[in-house]
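Coordinates from final-v6.cif are shown below (mmCIF, C-alpha atoms).
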```
data_my_file
#
loop_
_atom_site.label_atom_id
_atom_site.label_comp_id
_atom_site.auth_asym_id
_atom_site.auth_seq_id
_atom_site.Cartn_x
_atom_site.Cartn_y
_atom_site.Cartn_z
CA MET A 1 -14.69 -8.98 33.52
CA ILE A 2 -14.92 -5.19 33.11
CA LYS A 3 -11.24 -4.94 33.90
CA ASN A 4 -10.51 -7.46 31.17
CA ILE A 5 -12.61 -5.61 28.60
CA MET A 6 -10.79 -2.36 29.42
CA LYS A 7 -7.42 -4.07 29.26
CA TYR A 8 -8.01 -5.73 25.90
CA GLY A 9 -9.71 -2.62 24.53
CA LEU A 10 -6.58 -0.67 25.30
CA LEU A 11 -4.36 -3.38 23.85
CA PHE A 12 -6.54 -3.37 20.70
CA ALA A 13 -6.07 0.39 20.24
CA ILE A 14 -2.34 0.30 21.01
CA CYS A 15 -1.74 -2.55 18.56
CA ILE A 16 -3.55 -0.73 15.74
CA LEU A 17 -1.83 2.58 16.38
CA MET A 18 1.63 1.01 16.68
CA GLN A 19 1.03 -0.86 13.44
CA VAL A 20 -0.24 1.98 11.26
CA LEU A 21 1.80 4.80 12.75
CA ILE A 22 5.14 3.06 13.20
CA PHE A 23 5.53 -0.38 11.67
CA ASP A 24 3.75 0.38 8.39
CA ARG A 25 6.23 3.20 7.86
CA ILE A 26 9.35 1.14 8.41
CA TYR A 27 10.86 -0.10 5.22
CA PHE A 28 13.65 -2.63 4.75
CA SER A 29 14.44 -3.64 1.17
CA GLY A 30 10.91 -4.79 0.31
CA TYR A 31 11.42 -8.20 1.87
CA VAL A 32 10.67 -7.45 5.48
CA ASN A 33 7.33 -6.12 6.68
CA ILE A 34 6.48 -6.12 10.37
CA TYR A 35 2.89 -6.92 11.36
CA PHE A 36 3.03 -6.12 15.04
CA TYR A 37 -0.74 -6.04 15.58
CA VAL A 38 -0.98 -9.87 15.66
CA LEU A 39 0.25 -9.47 19.25
CA PHE A 40 -3.37 -8.73 20.17
CA ILE A 41 -4.48 -12.18 18.97
CA LEU A 42 -1.49 -13.87 20.62
CA LEU A 43 -2.21 -12.32 24.01
CA LEU A 44 -5.94 -13.15 24.26
CA PRO A 45 -6.72 -15.23 27.37
CA ILE A 46 -6.09 -18.94 26.83
CA GLN A 47 -9.68 -19.85 27.71
CA THR A 48 -11.14 -17.55 25.01
CA SER A 49 -13.51 -19.61 22.88
CA LYS A 50 -12.52 -20.23 19.30
CA SER A 51 -15.48 -18.27 17.90
CA LEU A 52 -14.95 -15.24 20.11
CA GLY A 53 -11.24 -15.24 19.26
CA MET A 54 -12.01 -15.29 15.56
CA ILE A 55 -14.54 -12.45 15.86
CA MET A 56 -12.00 -10.31 17.74
CA ALA A 57 -9.35 -11.18 15.15
CA PHE A 58 -11.74 -10.17 12.39
CA PHE A 59 -12.27 -6.77 13.97
CA ILE A 60 -8.60 -6.00 14.43
CA GLY A 61 -7.87 -7.22 10.90
CA ILE A 62 -10.58 -5.12 9.31
CA SER A 63 -9.38 -2.07 11.28
CA ILE A 64 -5.89 -2.49 9.85
CA ASP A 65 -7.45 -2.97 6.40
CA MET A 66 -9.13 0.42 6.71
CA PHE A 67 -5.77 2.08 7.13
CA THR A 68 -3.92 0.21 4.43
CA ASN A 69 -6.59 0.24 1.69
CA THR A 70 -6.64 -3.55 1.48
CA PRO A 71 -10.25 -4.65 2.06
CA GLY A 72 -10.40 -8.04 3.73
CA MET A 73 -6.80 -9.25 3.52
CA HIS A 74 -5.65 -8.57 7.07
CA ALA A 75 -9.05 -9.68 8.34
CA SER A 76 -8.79 -13.00 6.52
CA ALA A 77 -5.26 -13.71 7.73
CA SER A 78 -6.15 -12.75 11.32
CA VAL A 79 -9.25 -14.96 11.38
CA PHE A 80 -7.17 -17.87 10.10
CA MET A 81 -4.60 -17.25 12.81
CA ALA A 82 -7.27 -17.15 15.54
CA PHE A 83 -8.76 -20.36 14.10
CA LEU A 84 -5.43 -22.16 14.55
CA ARG A 85 -4.67 -20.71 17.97
CA PRO A 86 -6.60 -23.14 20.22
CA THR A 87 -5.08 -26.11 18.38
CA ILE A 88 -1.55 -24.77 18.80
CA LEU A 89 -2.27 -24.02 22.46
CA ARG A 90 -3.45 -27.59 23.02
CA PHE A 91 -0.36 -28.89 21.26
CA LEU A 92 2.01 -26.84 23.41
CA ALA A 93 0.14 -27.33 26.71
CA PRO A 94 2.34 -28.02 29.73
CA ILE A 95 2.00 -31.48 31.33
CA ASP A 96 -0.33 -30.28 34.05
CA GLY A 97 -2.40 -28.12 31.67
CA TYR A 98 -3.11 -24.40 31.80
CA GLU A 99 -4.50 -22.75 34.91
CA THR A 100 -7.90 -21.06 34.61
CA GLY A 101 -7.72 -17.42 33.60
CA MET A 102 -4.13 -17.81 32.43
CA GLU A 103 -2.82 -15.48 29.75
CA ALA A 104 -0.52 -16.57 26.94
CA ARG A 105 2.29 -14.32 28.08
CA LEU A 106 6.03 -14.70 27.93
CA SER A 107 6.51 -13.76 31.59
CA ILE A 108 4.12 -16.52 32.66
CA LEU A 109 4.91 -19.42 30.37
CA GLY A 110 8.56 -18.79 29.61
CA ILE A 111 10.51 -17.64 26.57
CA GLY A 112 10.92 -21.06 24.91
CA TRP A 113 7.20 -21.72 25.04
CA PHE A 114 6.31 -18.22 23.86
CA ILE A 115 8.66 -18.29 20.87
CA ARG A 116 7.34 -21.64 19.63
CA TYR A 117 3.74 -20.54 20.15
CA ALA A 118 4.19 -17.12 18.55
CA PHE A 119 6.29 -18.30 15.61
CA VAL A 120 3.83 -20.93 14.36
CA LEU A 121 0.93 -18.50 14.50
CA ILE A 122 2.86 -15.58 13.00
CA LEU A 123 4.03 -17.82 10.16
CA ALA A 124 0.44 -18.92 9.47
CA HIS A 125 -0.78 -15.32 9.50
CA HIS A 126 1.99 -13.99 7.24
CA THR A 127 1.62 -16.85 4.76
CA VAL A 128 -2.08 -16.14 4.25
CA LEU A 129 -1.64 -12.38 4.20
CA LEU A 130 1.31 -12.12 1.84
CA TYR A 131 0.02 -14.73 -0.60
CA LEU A 132 -3.37 -12.99 -0.70
CA GLU A 133 -1.53 -9.78 -1.46
CA ALA A 134 0.62 -11.32 -4.17
CA PHE A 135 -2.40 -13.05 -5.69
CA ASN A 136 -2.53 -12.77 -9.47
CA SER A 137 1.17 -12.28 -9.88
CA SER A 138 4.05 -14.60 -10.50
CA LEU A 139 5.94 -13.78 -7.36
CA PHE A 140 5.80 -17.17 -5.66
CA PHE A 141 9.41 -17.46 -4.50
CA PHE A 142 9.76 -13.80 -3.73
CA THR A 143 6.66 -14.05 -1.53
CA PHE A 144 7.95 -17.21 0.09
CA LEU A 145 11.15 -15.48 1.15
CA LYS A 146 9.17 -12.45 2.22
CA VAL A 147 6.93 -14.62 4.44
CA LEU A 148 9.94 -16.18 6.16
CA LEU A 149 11.91 -12.97 6.70
CA SER A 150 8.86 -10.99 7.78
CA SER A 151 7.85 -13.72 10.24
CA PHE A 152 11.26 -13.60 11.91
CA ALA A 153 11.14 -9.81 12.05
CA THR A 154 7.64 -9.76 13.55
CA LEU A 155 8.59 -12.46 16.06
CA PHE A 156 11.67 -10.52 17.11
CA ILE A 157 9.72 -7.29 17.65
CA ILE A 158 6.92 -9.08 19.53
CA VAL A 159 9.31 -10.92 21.85
CA LEU A 160 11.18 -7.68 22.44
CA SER A 161 7.93 -5.89 23.26
CA GLN A 162 7.13 -8.56 25.86
CA PHE A 163 10.41 -7.85 27.64
CA LEU A 164 9.80 -4.11 27.56
CA ILE A 165 6.16 -4.10 28.68
CA TYR A 166 5.81 -6.98 31.12
CA ARG A 167 9.19 -6.93 32.77
CA LYS A 168 9.09 -7.75 36.42
CA MET B 1 -34.48 -29.50 12.82
CA ARG B 2 -33.33 -30.02 16.38
CA SER B 3 -30.44 -32.19 15.29
CA LEU B 4 -29.44 -29.48 12.82
CA ILE B 5 -29.30 -26.90 15.61
CA GLN B 6 -27.34 -29.30 17.77
CA PHE B 7 -24.96 -29.86 14.89
CA ILE B 8 -24.42 -26.12 14.47
CA ILE B 9 -23.84 -25.64 18.21
CA LYS B 10 -21.37 -28.48 18.31
CA TYR B 11 -19.34 -27.13 15.42
CA ASN B 12 -19.97 -23.42 16.06
CA ALA B 13 -16.30 -22.49 15.67
CA ALA B 14 -16.12 -24.02 12.20
CA PHE B 15 -19.27 -22.14 11.19
CA VAL B 16 -17.95 -18.85 12.51
CA PHE B 17 -14.68 -19.48 10.68
CA VAL B 18 -16.36 -20.22 7.36
CA LEU B 19 -18.72 -17.25 7.73
CA LEU B 20 -15.95 -14.79 8.53
CA GLN B 21 -13.74 -16.10 5.74
CA ILE B 22 -16.61 -15.80 3.23
CA LEU B 23 -17.07 -12.21 4.39
CA CYS B 24 -13.33 -11.56 3.86
CA ILE B 25 -13.35 -13.16 0.42
CA VAL B 26 -16.32 -11.03 -0.56
CA LEU B 27 -14.34 -7.99 0.59
CA ILE B 28 -11.20 -9.04 -1.27
CA PHE B 29 -12.55 -10.33 -4.56
CA GLY B 30 -16.27 -9.63 -4.70
CA PHE B 31 -16.05 -5.88 -4.50
CA ASN B 32 -16.29 -4.13 -7.80
CA ASP B 33 -14.50 -0.83 -8.18
CA TYR B 34 -17.45 1.23 -7.06
CA HIS B 35 -17.93 -0.63 -3.78
CA ARG B 36 -14.23 -0.65 -3.16
CA SER B 37 -14.17 3.11 -3.52
CA ILE B 38 -16.77 3.45 -0.75
CA PHE B 39 -14.68 1.21 1.48
CA ILE B 40 -11.50 3.12 0.84
CA ASN B 41 -13.02 6.58 1.19
CA SER B 42 -15.13 5.98 4.27
CA GLY B 43 -11.97 4.65 5.83
CA ASN B 44 -10.08 7.74 4.86
CA LYS B 45 -12.34 10.15 6.71
CA ILE B 46 -11.07 8.75 9.98
CA THR B 47 -7.78 7.21 9.00
CA GLY B 48 -6.83 10.16 6.80
CA LYS B 49 -7.15 12.47 9.80
CA ILE B 50 -4.98 10.27 11.98
CA ASN B 51 -2.33 9.86 9.30
CA ASP B 52 -2.41 13.58 8.60
CA LYS B 53 -1.72 14.49 12.23
CA TRP B 54 1.03 11.91 12.57
CA GLN B 55 2.74 12.93 9.33
CA GLY B 56 2.98 16.44 10.78
CA VAL B 57 5.47 15.11 13.33
CA PHE B 58 7.76 13.81 10.61
CA ASP B 59 7.46 16.97 8.54
CA TYR B 60 9.51 18.85 11.12
CA VAL B 61 12.24 16.25 11.11
CA SER B 62 12.71 16.43 7.37
CA LEU B 63 12.26 20.20 6.99
CA ARG B 64 15.88 20.92 6.08
CA GLU B 65 15.99 18.28 3.37
CA GLU B 66 12.59 19.30 2.12
CA ASN B 67 13.59 22.96 1.85
CA GLN B 68 16.64 22.03 -0.13
CA SER B 69 14.65 20.01 -2.63
CA LEU B 70 12.04 22.76 -2.97
CA ARG B 71 14.77 25.32 -3.59
CA GLU B 72 16.26 23.16 -6.29
CA GLU B 73 12.89 22.73 -7.91
CA ASN B 74 12.25 26.48 -7.74
CA ALA B 75 15.52 27.15 -9.51
CA LEU B 76 14.63 24.64 -12.19
CA LEU B 77 11.19 26.17 -12.71
CA ASN B 78 12.62 29.67 -12.84
CA ASN B 79 15.06 28.60 -15.52
CA GLU B 80 12.30 27.09 -17.52
CA LEU B 81 10.19 30.20 -17.14
CA GLN B 82 12.99 32.35 -18.48
CA GLN B 83 13.37 30.11 -21.47
CA ARG B 84 9.65 30.16 -22.13
CA ARG B 85 9.61 33.93 -21.90
CA ALA B 86 12.42 34.27 -24.40
CA TYR B 87 10.67 31.81 -26.65
CA GLN B 88 7.38 33.61 -26.45
CA HIS B 89 9.10 36.88 -27.14
CA ASP B 90 10.40 35.47 -30.41
CA PHE B 91 7.11 33.96 -31.44
CA ASN B 92 4.56 36.11 -29.73
CA TYR B 93 1.84 35.04 -32.09
CA PHE B 94 1.75 31.70 -30.30
CA SER B 95 -1.15 31.40 -27.93
CA ASN B 96 0.00 31.00 -24.36
CA TYR B 97 -3.04 28.92 -23.52
CA SER B 98 -2.26 25.81 -21.52
CA PRO B 99 -5.02 23.44 -20.47
CA PHE B 100 -3.07 22.18 -17.46
CA TRP B 101 -3.33 23.56 -13.94
CA TYR B 102 -1.55 22.55 -10.74
CA VAL B 103 -2.57 21.93 -7.13
CA PRO B 104 0.19 21.51 -4.55
CA ALA B 105 -0.40 18.67 -2.08
CA LYS B 106 1.24 16.92 0.82
CA ILE B 107 1.40 13.17 1.24
CA THR B 108 -0.35 11.92 4.36
CA ASN B 109 0.18 8.22 3.82
CA ILE B 110 2.26 6.17 1.43
CA SER B 111 3.23 2.52 1.20
CA ILE B 112 6.15 1.23 -0.85
CA ASN B 113 6.56 -2.36 0.30
CA LYS B 114 3.44 -3.95 -1.13
CA ILE B 115 2.37 -5.20 -4.53
CA LYS B 116 -0.49 -2.73 -4.66
CA ASN B 117 0.83 0.46 -3.13
CA TYR B 118 -1.21 3.62 -2.65
CA ILE B 119 -0.54 7.26 -1.88
CA THR B 120 -2.98 9.36 0.15
CA ILE B 121 -2.72 13.13 -0.25
CA ASP B 122 -4.32 15.99 1.67
CA VAL B 123 -6.33 17.57 -1.15
CA GLY B 124 -9.75 16.44 -2.32
CA THR B 125 -12.82 17.47 -4.25
CA THR B 126 -13.03 20.80 -2.39
CA ASP B 127 -9.67 21.69 -3.96
CA GLY B 128 -10.93 20.68 -7.39
CA VAL B 129 -9.16 17.32 -7.45
CA LYS B 130 -10.99 14.66 -9.42
CA ASN B 131 -10.35 11.07 -10.41
CA GLU B 132 -7.84 10.41 -13.19
CA MET B 133 -5.75 13.46 -12.58
CA ALA B 134 -1.98 13.24 -12.73
CA LEU B 135 0.26 13.19 -9.66
CA MET B 136 3.71 14.66 -10.07
CA GLY B 137 6.61 14.66 -7.61
CA PRO B 138 9.45 17.19 -7.63
CA GLU B 139 11.67 14.85 -9.64
CA GLY B 140 9.17 13.22 -11.96
CA VAL B 141 5.90 11.44 -12.49
CA ALA B 142 4.46 9.85 -9.34
CA GLY B 143 0.99 8.43 -10.09
CA ILE B 144 -2.64 8.90 -11.02
CA ILE B 145 -5.52 9.94 -8.72
CA PHE B 146 -8.13 7.24 -8.57
CA ARG B 147 -10.38 7.98 -5.59
CA THR B 148 -11.33 11.27 -4.00
CA SER B 149 -13.21 12.32 -0.91
CA GLU B 150 -13.91 15.84 0.27
CA ASN B 151 -10.51 16.54 1.76
CA TYR B 152 -8.35 13.62 0.69
CA ALA B 153 -7.48 11.74 -2.45
CA VAL B 154 -5.91 8.33 -3.05
CA ALA B 155 -3.54 7.85 -5.96
CA ILE B 156 -2.14 4.77 -7.66
CA PRO B 157 1.61 5.38 -7.81
CA ILE B 158 3.90 3.97 -10.51
CA ILE B 159 4.81 1.29 -7.96
CA ASN B 160 1.43 -0.43 -8.11
CA THR B 161 0.91 -3.39 -10.43
CA ASP B 162 -2.29 -1.73 -11.74
CA PHE B 163 -0.40 1.31 -13.00
CA LEU B 164 0.05 1.79 -16.74
CA LEU B 165 1.45 4.86 -18.50
CA SER B 166 2.24 5.74 -22.09
CA VAL B 167 5.86 6.97 -22.32
CA LYS B 168 8.35 7.87 -25.02
CA LEU B 169 12.10 7.71 -25.46
CA ALA B 170 13.85 11.06 -25.41
CA HIS B 171 16.05 10.33 -28.42
CA SER B 172 13.97 8.41 -30.86
CA LYS B 173 10.46 9.54 -29.81
CA TYR B 174 9.21 5.96 -29.96
CA PHE B 175 6.31 5.10 -27.66
CA GLY B 176 6.09 2.34 -25.10
CA SER B 177 4.09 1.53 -22.01
CA LEU B 178 5.47 1.76 -18.51
CA SER B 179 4.40 -0.69 -15.83
CA TRP B 180 5.70 -2.05 -12.54
CA GLN B 181 5.87 -5.66 -11.44
CA GLY B 182 7.47 -5.22 -8.05
CA PRO B 183 9.23 -5.66 -5.73
CA ASP B 184 11.78 -2.83 -5.97
CA HIS B 185 10.28 0.67 -5.69
CA ARG B 186 13.19 2.24 -7.58
CA TYR B 187 12.70 0.45 -10.90
CA ALA B 188 9.90 -0.03 -13.43
CA PHE B 189 9.70 -1.58 -16.91
CA VAL B 190 8.90 -0.26 -20.36
CA SER B 191 7.61 -2.64 -23.00
CA ASP B 192 6.18 -2.34 -26.53
CA ILE B 193 9.20 -0.56 -28.02
CA PRO B 194 10.19 -2.40 -31.21
CA GLY B 195 13.63 -4.02 -31.29
CA TYR B 196 14.97 -2.08 -34.30
CA VAL B 197 14.93 1.23 -32.39
CA GLU B 198 18.28 2.31 -31.08
CA VAL B 199 18.23 2.46 -27.29
CA GLN B 200 21.15 3.27 -25.04
CA LYS B 201 21.69 2.93 -21.35
CA GLY B 202 21.02 6.32 -19.76
CA ASP B 203 18.39 7.42 -22.27
CA SER B 204 15.67 9.49 -20.63
CA ILE B 205 12.04 8.45 -20.62
CA PHE B 206 9.26 11.06 -20.76
CA THR B 207 5.48 10.96 -20.71
CA SER B 208 4.00 10.84 -24.18
CA GLY B 209 1.03 13.10 -23.42
CA TYR B 210 -1.31 10.80 -25.32
CA SER B 211 -3.71 10.15 -22.49
CA ALA B 212 -5.12 13.60 -21.59
CA ILE B 213 -4.07 12.82 -18.02
CA PHE B 214 -0.40 13.74 -18.16
CA PRO B 215 1.02 16.69 -20.08
CA SER B 216 3.69 15.54 -22.52
CA ASP B 217 7.44 15.59 -21.77
CA LEU B 218 7.32 15.14 -18.00
CA PRO B 219 10.40 13.25 -16.79
CA VAL B 220 9.81 9.63 -15.72
CA GLY B 221 13.19 7.92 -15.47
CA ILE B 222 16.29 6.72 -17.31
CA VAL B 223 17.05 3.43 -19.01
CA ASP B 224 19.04 1.23 -16.66
CA LYS B 225 19.14 -2.17 -18.37
CA ILE B 226 18.28 -3.19 -21.91
CA GLU B 227 16.86 -6.59 -22.69
CA ILE B 228 15.25 -7.83 -25.85
CA ASP B 229 12.44 -10.38 -25.84
CA LYS B 230 13.56 -13.01 -28.41
CA SER B 231 10.06 -14.29 -29.16
CA THR B 232 8.47 -10.93 -29.93
CA SER B 233 11.61 -8.87 -30.68
CA PHE B 234 10.34 -6.03 -28.54
CA TYR B 235 12.47 -4.39 -25.90
CA ASN B 236 11.98 -4.94 -22.22
CA LEU B 237 13.66 -1.91 -20.67
CA LYS B 238 14.42 -1.61 -16.99
CA ILE B 239 13.90 2.00 -15.95
CA LYS B 240 15.37 3.75 -12.96
CA LEU B 241 12.58 6.04 -11.79
CA PHE B 242 13.35 9.70 -11.04
CA THR B 243 10.78 9.79 -8.25
CA ASN B 244 12.14 8.35 -5.03
CA PHE B 245 9.01 7.04 -3.36
CA ALA B 246 10.80 6.33 -0.11
CA LYS B 247 11.43 10.07 0.36
CA LEU B 248 8.43 11.59 -1.38
CA ARG B 249 6.65 14.26 0.72
CA HIS B 250 5.36 17.06 -1.53
CA VAL B 251 3.57 16.49 -4.79
CA TYR B 252 1.45 18.32 -7.38
CA VAL B 253 -1.86 17.27 -8.79
CA ILE B 254 -2.15 18.20 -12.46
CA GLY B 255 -5.61 18.80 -13.89
CA ASN B 256 -6.54 19.18 -17.55
CA LYS B 257 -9.30 21.67 -18.35
CA ASP B 258 -9.85 20.13 -21.77
CA LYS B 259 -10.10 16.56 -20.59
CA ASP B 260 -13.90 16.36 -20.59
CA GLU B 261 -14.00 17.82 -24.08
CA ILE B 262 -11.44 15.29 -25.34
CA LYS B 263 -13.26 12.43 -23.62
CA THR B 264 -16.64 13.39 -25.15
CA LEU B 265 -15.09 13.76 -28.56
CA GLU B 266 -13.44 10.36 -28.35
CA ALA B 267 -16.57 8.75 -26.94
CA SER B 268 -18.63 10.12 -29.83
CA LEU B 269 -16.57 7.95 -32.19
CA ASN B 270 -18.06 4.86 -30.66
CA ASP B 271 -21.67 5.91 -31.20
#
```

As a first step, turn the structure in this file into structure tokens.
Amino acid sequence: MIKNIMKYGLLFAICILMQVLIFDRIYFSGYVNIYFYVLFILLLPIQTSKSLGMIMAFFIGISIDMFTNTPGMHASASVFMAFLRPTILRFLAPIDGYETGMEARLSILGIGWFIRYAFVLILAHHTVLLYLEAFNSSLFFFTFLKVLLSSFATLFIIVLSQFLIYRK
Amino acid sequence: MRSLIQFIIKYNAAFVFVLLQILCIVLIFGFNDYHRSIFINSGNKITGKINDKWQGVFDYVSLREENQSLREENALLNNELQQRRAYQHDFNYFSNYSPFWYVPAKITNISINKIKNYITIDVGTTDGVKNEMALMGPEGVAGIIFRTSENYAVAIPIINTDFLLSVKLAHSKYFGSLSWQGPDHRYAFVSDIPGYVEVQKGDSIFTSGYSAIFPSDLPVGIVDKIEIDKSTSFYNLKIKLFTNFAKLRHVYVIGNKDKDEIKTLEASLND
């Protein structure tokens, strides 16, 4: 338990720092933004209850909001993503179910599983976030393209990070 | 009552979801400007420090480029000074009083890929920086200060959809208003210039100086594309901005000593 709290506390801090110090400063053409911090929500233990997951997502979202001067937007998108997560997990469950204490990691459940799982959730997160940001302006199609391209970019970076960190 | 509690326990996730989302919506839409300023500034005490330290790492990497641009700006300012001196020599009965004063600042955080971008700089109220002061980059106008804390200030750059600035054409002296609709950080738009004015591609755009925030005749950009709105017969000019926000590091805050006096005078008209 304590080990888990330490582990996820560290992951929480790393995700925020990576996001605000590196990925928020990368700029490609205005269409591609990378939101790496959603990795924290993706990697929560599979058995995490829906409510706890959403509360954690709220905290990481609001922390990112503090850095980017966007009160509530990242928090809202993250909570939505954590809300969908258990449903997606149930949908993608292997035939014999998940083992207790299992983590939703690429090295455990395989690359095909991880990409499907991560992409759906990243897409949901980016859709909410970028449309909230573009609210009040007539940028529907621009935002649509931005959601798609950014989702692929985030997915790529997150999958890459899984190979770099958890390699065996 | 008991069945209500059972109901809540059964659907606790849905309740948590709705509660958290209401909280977020209050944060996003419910905040008026005053509350938002508290949010942004309290964040900046911690986040400003972190950004400040991290930016220091990049400052070394871009030192050479930065020096070059500062040298160029120095040369430009020296030239201007010489011209002013000669001018003042000829007409020495002109008062050399200028209400504008400058504070140099360094950018600690900037975003360019959003709809509402912001710039955080490392000067604040202790350096005399107040809200609604002008922010100027080495090449041209950058933005307007809109929140300040003790040691940091947040500015709305041109590349924020809330930004609005009164500008004029170099040739014809006609006024228009500059705004930005996204997504490209290199271009902005000028509207409200009547269609009978002669405009050419490459015309320079300067600040009009009609707002008491910006001094007049600061460079803003050049006309890149000319379109005319058929229904209103006003121009819609696409402007290439002089300020390159992707490379902006050093800026100046411009204060106006007479601003309060002008504001009071103008406010007295409404009484």

Inset, instruction - Please return, as a PyMOL selection string, all polymer residues that have at least one atom within 9 Å of the point (14.1, 8.2, -25.0); use only C-alpha atoms and the file's own coordinate frame. - result: chain B and resi 167-175+199-200+202-206+222-223

Could you please take those selected residues and save C-alpha atoms as a PDB file, in the coordinates of the input?
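The new file result-v3.pdb reads:
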```
ATOM      1  CA  VAL B 167       5.860   6.970 -22.320  1.00  0.00           C
ATOM      2  CA  LYS B 168       8.350   7.870 -25.020  1.00  0.00           C
ATOM      3  CA  LEU B 169      12.100   7.710 -25.460  1.00  0.00           C
ATOM      4  CA  ALA B 170      13.850  11.060 -25.410  1.00  0.00           C
ATOM      5  CA  HIS B 171      16.050  10.330 -28.420  1.00  0.00           C
ATOM      6  CA  SER B 172      13.970   8.410 -30.860  1.00  0.00           C
ATOM      7  CA  LYS B 173      10.460   9.540 -29.810  1.00  0.00           C
ATOM      8  CA  TYR B 174       9.210   5.960 -29.960  1.00  0.00           C
ATOM      9  CA  PHE B 175       6.310   5.100 -27.660  1.00  0.00           C
ATOM     10  CA  VAL B 199      18.230   2.460 -27.290  1.00  0.00           C
ATOM     11  CA  GLN B 200      21.150   3.270 -25.040  1.00  0.00           C
ATOM     12  CA  GLY B 202      21.020   6.320 -19.760  1.00  0.00           C
ATOM     13  CA  ASP B 203      18.390   7.420 -22.270  1.00  0.00           C
ATOM     14  CA  SER B 204      15.670   9.490 -20.630  1.00  0.00           C
ATOM     15  CA  ILE B 205      12.040   8.450 -20.620  1.00  0.00           C
ATOM     16  CA  PHE B 206       9.260  11.060 -20.760  1.00  0.00           C
ATOM     17  CA  ILE B 222      16.290   6.720 -17.310  1.00  0.00           C
ATOM     18  CA  VAL B 223      17.050   3.430 -19.010  1.00  0.00           C
TER      19      VAL B 223
END
```

Inset, instruction - Residues of chain A near chain B: apply a cut-off of 6 Å, count all atoms listed in the file, and supply the list as JSON, numbers by chain. - result: {"A": [30, 50, 51, 66, 67, 69, 71, 72, 76]}

Legend entry - Explicit residues for the PyMOL selection byres ((chain A and resi 85) around 10) (as number ranges by chain): A: 41-42, 44, 46, 50, 53-54, 79-84, 86-91, 117-118, 120-121

Legend entry - Computed interatomic separation between CA of Lys247 in chain B and CA of Leu129 in chain A (Å):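 If I compute the distance from CA of Lys247 in chain B to CA of Leu129 in chain A, I get 26.3 Å.
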
Inset, instruction - In Å, rounded to a single decimal, give me how far CA of Leu139 in chain A is from CA of Ala124 in chain A. - result: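 If I compute the distance from CA of Ala124 in chain A to CA of Leu139 in chain A, I get 18.4 Å.
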
Inset, instruction - Counting only C-alpha atoms, note down every residue that has an atom within 8 Å of the point (1.9, 25.0, -11.7) (file coordinates), as a VMD selection string. - result: chain B and resid 101 to 103 252 254

Starting from 6 Å padding per side, set up an axis-aligned box that covers all listed atoms of range 52-63 of chain A and hand over centre and edge lengths in Å, one decimal, as lines of an AutoDock Vina configuration file.
```
center_x = -11.4
center_y = -8.7
center_z = 14.7
size_x = 19.1
size_y = 25.2
size_z = 22.8
```

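Evaluating the PyMOL selection byres ((chain A and resi 162) around 12) against the shown model yields Phe36, Leu39, Phe40, Leu42, Leu43, Ala104, Arg105, Leu106, Ser107, Ile108, Leu109, Gly110, Ile111, Phe114, Ile115, Ala118, Leu155, Phe156, Ile157, Ile158, Val159, Leu160, Ser161, Phe163, Leu164, Ile165, Tyr166, Arg167 and Lys168 of chain A.
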
Inset, instruction - Apply the PyMOL selection byres ((chain A and resi 32) around 10) to the file shown and report the selected residues as a PyMOL selection string. - result: (chain A and resi 26-31+33-35+145-154) or (chain B and resi 113)

Legend entry - Which of A:Gly101, A:Ile22, A:Ile122, A:Met56 sits closest to Ala75 in chain A [using all atoms listed in the file]: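 Ranked by minimum distance to Ala75 in chain A, first place goes to A:Met56.
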
Legend entry - Computed interatomic separation between CA of Asn244 in chain B and CA of Phe141 in chain A (Å): 26.0 Å

Inset, instruction - Fewer than 2 positions away in the same chain doesn't count, so skip those; otherwise give me all residues within 7 Å of Val123 in chain B, counting all atoms listed in the file, as a list of chain:residue names. - result: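 Using all atoms listed in the file, the neighbours found are B:Ala105, B:Ile121, B:Asp127, B:Val129, B:Asn151, B:Tyr152, B:Ala153.
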
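Each of B:Asn160, B:Thr207, B:Asn236, B:Ser3 was checked against Ile193 in chain B using all atoms listed in the file; the smallest atom-to-atom distance is that of B:Asn236.
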
Legend entry - Shell around Ile213 in chain B at 12 Å using all atoms listed in the file, local window under 5 positions removed, as a VMD selection string: chain B and resid 99 to 101 130 to 136 141 143 to 146 164 to 166 207 to 208 218 253 to 260 262 to 263

Inset, instruction - Could you tell me which of B:Glu139, B:Glu261, B:Glu198, B:Glu66 comes closest to Phe234 in chain B if we count all atoms listed in the file? - result: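 Among the listed residues, B:Glu198 lies closest to Phe234 in chain B.
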
Atoms are missing here; could range 111-115 of chain A be completed with N, CA and C atoms and written as a PDB file, keeping the file's coordinate frame?
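Written out: result-v4.pdb:
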```pdb
ATOM      1  N   ILE A 111      10.130 -18.142  27.904  1.00  0.00           N
ATOM      2  CA  ILE A 111      10.510 -17.640  26.570  1.00  0.00           C
ATOM      3  C   ILE A 111      10.467 -18.744  25.521  1.00  0.00           C
ATOM      4  N   GLY A 112      10.911 -19.958  25.878  1.00  0.00           N
ATOM      5  CA  GLY A 112      10.920 -21.060  24.910  1.00  0.00           C
ATOM      6  C   GLY A 112       9.512 -21.371  24.430  1.00  0.00           C
ATOM      7  N   TRP A 113       8.601 -21.452  25.369  1.00  0.00           N
ATOM      8  CA  TRP A 113       7.200 -21.720  25.040  1.00  0.00           C
ATOM      9  C   TRP A 113       6.647 -20.602  24.158  1.00  0.00           C
ATOM     10  N   PHE A 114       6.898 -19.361  24.562  1.00  0.00           N
ATOM     11  CA  PHE A 114       6.310 -18.220  23.860  1.00  0.00           C
ATOM     12  C   PHE A 114       6.811 -18.144  22.423  1.00  0.00           C
ATOM     13  N   ILE A 115       8.112 -18.381  22.220  1.00  0.00           N
ATOM     14  CA  ILE A 115       8.660 -18.290  20.870  1.00  0.00           C
ATOM     15  C   ILE A 115       8.055 -19.351  19.970  1.00  0.00           C
TER      16      ILE A 115
END
```
